[in-house]
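Working notes, beginning with the structure itself.
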Amino acid sequence: MNREGCSRILSGLALSFRLPRTLSIWWFFAVIVGLAYLIAPGNVGAQITILYSFGGGKPAAGVHPNGGLVLGRDGELYGTTEEELDTRTWGFPSGTVFRFDPATSRFNDLKSFLTAKHRAPQSPLLLFHGGIVGGIAQTNHRGGSIFYLGSSGSAQIWHEFGLQKTNGNDPSTPLMLGPDGDIYGATVGGGANNQGTVYQLNPATHELTLLHSFSLSGPYRPRYLILGQDGNFYGYAFSSSGMVILMMTPAGAVTTLYTFNGSEEFDGLSLTQASDGTFYGTTEILGTYNKGTLFKMAGTPPSVTVTVLHSFGQGIDGFYPGGVVVGPNGNLYGVTAAGGTGKHTAGDGIIFEITTDGSTYTVLHNFNDGSIPNDGSDPVGGLTVGTDNNLYGTTFQGGAYGRAKGGFGMLFRLSP
């Protein structure tokens, strides 16, 4: 907490003693509880370990990891970078797919998109049949594509969007593996009404089937989509009333479950489902301070209840949250892209832990606060639980390598 903040609190405490005795006692108690909630160290045993700094390898190594990590059956972590060091293709970042082994600290750039017309792969990836399936937002046709990366490192393009906009444009959500073995996803544009689609891709034939074309008469431009335990799809889209949580059946019937306050269209959304069926999600903005929220959604659709567990921006609790993950102890863990006590004016992001009822919120680490050299800034993509029950993540900037301003990012482990 900075000196100005402490002065305001001390001034408030002084004023409280000039209030009537009863009000003074209750006001003083409320302040102490509030301070304990925001700045108590909580899990003081949590430790951050830097495992890899991007930008220190070969000249065309991947830099600036741009999304979450995925855990493979081999215990290794997979992810993507936004570009390659000092390299661009046709003026655009090219990007890489990488693999990291936490047990041996071995790092490999599996695929470079340097010379390909398909560039800037997006995380999270889908590990599938001994290979990797991923989405690319931009190609020469500016419609995006879906690629398959085999164990040899060679990539195949399974589908290219934009050639026929009726098939969708700009794949915008994580890819999902359905119980039938097909791959599912959504696009933010294209389709019959140019408002986005949900599609099904056959991995054997690469044939794409449209399950739903969004229109302005309902939710449109989907931003995030996951496959629920009941076989339905759940995610976010925009509507004439603002951002909504929607449900879509495998047959393509869409139902709006919840509408957020405010008519602004925004990205920075995530959704995950716990083993008990409860959904937990984040919004990058909204909330009491318009710095983001963390909420839970419970009930049997379409009758659901959405409860905000935390509104970000209350001081050093961070703001602009990424996704959350259920940790081994049952609590939720996540990151924020900004806020905290980092050296930059707006902070450099934090790692947090919160109970599933929202009663206890703990800041586990403040990035770039000087406590750990080269610990990065601007964490992206949330956290991933490893086979060792530790949590793993990346930062877009910072790390041991980089120019005077920024840095190329790093990969870290959190031991709760």
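Lettering and numbering for the structure tokens are positional, with chains as A, B, ... in the shown order, residues counted from 1 in each chain, and ligands counted from 1 in the shown order.
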
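Residues within 6 Å of Ser215 of chain A, counting only C-alpha atoms and excluding same-chain residues fewer than 2 positions away, are Asn193, Gln195, Ser217 and Tyr220 of chain A.
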
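Using only C-alpha atoms, the nearest neighbour of Ser263 of chain A within the list A:Ile226, A:Leu286, A:Leu294, A:Ala186 is A:Leu286.
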
Could you give me, as JSON lines, a per-residue list for segment 237-319 of chain A showing, wherever an atom lies at most 12 Å from an atom of segment 355-373 of chain A, the closest pair of atoms and their distance in Å to one decimal, using only C-alpha atoms and sorting by chain then residue number from low to high?
{"residue": "A:Ala274", "atom": "CA", "partner": "A:Thr356", "partner_atom": "CA", "distance": 10.2}
{"residue": "A:Asp276", "atom": "CA", "partner": "A:Thr356", "partner_atom": "CA", "distance": 11.7}
{"residue": "A:Thr278", "atom": "CA", "partner": "A:Thr356", "partner_atom": "CA", "distance": 9.8}
{"residue": "A:Phe279", "atom": "CA", "partner": "A:Thr356", "partner_atom": "CA", "distance": 10.6}
{"residue": "A:Tyr280", "atom": "CA", "partner": "A:Thr356", "partner_atom": "CA", "distance": 8.8}
{"residue": "A:Gly281", "atom": "CA", "partner": "A:Thr356", "partner_atom": "CA", "distance": 11.5}
{"residue": "A:Thr293", "atom": "CA", "partner": "A:Gly358", "partner_atom": "CA", "distance": 11.4}
{"residue": "A:Leu294", "atom": "CA", "partner": "A:Gly358", "partner_atom": "CA", "distance": 8.9}
{"residue": "A:Phe295", "atom": "CA", "partner": "A:Gly358", "partner_atom": "CA", "distance": 8.8}
{"residue": "A:Lys296", "atom": "CA", "partner": "A:Thr356", "partner_atom": "CA", "distance": 8.2}
{"residue": "A:Met297", "atom": "CA", "partner": "A:Thr356", "partner_atom": "CA", "distance": 11.2}
{"residue": "A:Ala298", "atom": "CA", "partner": "A:Thr356", "partner_atom": "CA", "distance": 11.8}
{"residue": "A:Thr307", "atom": "CA", "partner": "A:Asp357", "partner_atom": "CA", "distance": 9.3}
{"residue": "A:Val308", "atom": "CA", "partner": "A:Gly358", "partner_atom": "CA", "distance": 8.2}
{"residue": "A:Leu309", "atom": "CA", "partner": "A:Gly358", "partner_atom": "CA", "distance": 4.5}
{"residue": "A:His310", "atom": "CA", "partner": "A:Gly358", "partner_atom": "CA", "distance": 6.4}
{"residue": "A:Ser311", "atom": "CA", "partner": "A:Gly358", "partner_atom": "CA", "distance": 10.2}
{"residue": "A:Phe312", "atom": "CA", "partner": "A:Tyr361", "partner_atom": "CA", "distance": 10.7}
{"residue": "A:Gln314", "atom": "CA", "partner": "A:Tyr361", "partner_atom": "CA", "distance": 11.5}
{"residue": "A:Gly315", "atom": "CA", "partner": "A:Val363", "partner_atom": "CA", "distance": 11.3}
{"residue": "A:Ile316", "atom": "CA", "partner": "A:Val363", "partner_atom": "CA", "distance": 8.3}
{"residue": "A:Asp317", "atom": "CA", "partner": "A:Val363", "partner_atom": "CA", "distance": 6.6}
{"residue": "A:Gly318", "atom": "CA", "partner": "A:Val363", "partner_atom": "CA", "distance": 8.6}
{"residue": "A:Phe319", "atom": "CA", "partner": "A:Val363", "partner_atom": "CA", "distance": 11.9}

Could those residues be written to a file, using N, CA and C atoms, as a CSV table (one decimal), in the first residue's frame?
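In the end it all went to again.csv:
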chain,number,residue,atom,x,y,z
A,274,ALA,N,-16.7,-26.7,-12.6
A,274,ALA,CA,-16.1,-27.6,-11.6
A,274,ALA,C,-16.8,-28.9,-11.6
A,276,ASP,N,-18.6,-30.4,-9.6
A,276,ASP,CA,-19.9,-30.5,-9.0
A,276,ASP,C,-20.9,-29.8,-10.0
A,278,THR,N,-20.9,-26.7,-11.0
A,278,THR,CA,-21.0,-25.2,-10.9
A,278,THR,C,-20.0,-24.6,-11.9
A,279,PHE,N,-20.5,-23.5,-12.5
A,279,PHE,CA,-19.7,-22.7,-13.5
A,279,PHE,C,-19.0,-21.6,-12.7
A,280,TYR,N,-17.8,-21.3,-13.1
A,280,TYR,CA,-17.1,-20.1,-12.5
A,280,TYR,C,-16.6,-19.3,-13.7
A,281,GLY,N,-16.8,-18.0,-13.7
A,281,GLY,CA,-16.3,-17.2,-14.8
A,281,GLY,C,-15.8,-15.8,-14.4
A,293,THR,N,-14.9,-8.8,-12.8
A,293,THR,CA,-15.6,-9.6,-11.8
A,293,THR,C,-15.2,-11.1,-11.9
A,294,LEU,N,-15.4,-11.8,-10.8
A,294,LEU,CA,-15.4,-13.2,-10.7
A,294,LEU,C,-16.7,-13.7,-10.2
A,295,PHE,N,-17.4,-14.6,-10.9
A,295,PHE,CA,-18.7,-15.0,-10.5
A,295,PHE,C,-18.9,-16.5,-10.6
A,296,LYS,N,-20.0,-17.0,-10.0
A,296,LYS,CA,-20.3,-18.4,-10.1
A,296,LYS,C,-21.8,-18.5,-10.7
A,297,MET,N,-22.0,-19.5,-11.4
A,297,MET,CA,-23.4,-19.7,-12.0
A,297,MET,C,-23.8,-21.1,-11.6
A,298,ALA,N,-24.9,-21.2,-10.9
A,298,ALA,CA,-25.4,-22.5,-10.4
A,298,ALA,C,-26.9,-22.7,-10.8
A,307,THR,N,-23.9,-15.3,-9.1
A,307,THR,CA,-23.5,-14.6,-7.9
A,307,THR,C,-22.1,-14.1,-8.1
A,308,VAL,N,-21.9,-12.8,-7.9
A,308,VAL,CA,-20.6,-12.2,-8.0
A,308,VAL,C,-19.8,-12.5,-6.7
A,309,LEU,N,-18.7,-13.2,-6.9
A,309,LEU,CA,-17.9,-13.5,-5.7
A,309,LEU,C,-16.8,-12.5,-5.4
A,310,HIS,N,-16.4,-11.7,-6.4
A,310,HIS,CA,-15.4,-10.7,-6.2
A,310,HIS,C,-15.5,-9.6,-7.3
A,311,SER,N,-15.5,-8.4,-6.9
A,311,SER,CA,-15.3,-7.3,-7.8
A,311,SER,C,-13.9,-6.7,-7.7
A,312,PHE,N,-13.2,-6.7,-8.8
A,312,PHE,CA,-11.8,-6.3,-8.8
A,312,PHE,C,-11.7,-4.8,-8.8
A,314,GLN,N,-10.4,-3.1,-5.8
A,314,GLN,CA,-10.6,-2.6,-4.5
A,314,GLN,C,-9.3,-2.1,-3.8
A,315,GLY,N,-8.3,-2.0,-4.5
A,315,GLY,CA,-7.0,-1.6,-4.0
A,315,GLY,C,-5.9,-2.3,-4.6
A,316,ILE,N,-5.2,-3.2,-3.9
A,316,ILE,CA,-4.1,-4.0,-4.4
A,316,ILE,C,-4.6,-5.4,-4.8
A,317,ASP,N,-5.9,-5.6,-5.0
A,317,ASP,CA,-6.4,-6.9,-5.4
A,317,ASP,C,-6.3,-7.2,-6.9
A,318,GLY,N,-5.7,-6.3,-7.6
A,318,GLY,CA,-5.6,-6.5,-9.1
A,318,GLY,C,-6.8,-6.1,-9.8
A,319,PHE,N,-6.7,-6.0,-11.2
A,319,PHE,CA,-7.8,-5.8,-12.0
A,319,PHE,C,-7.6,-6.3,-13.4
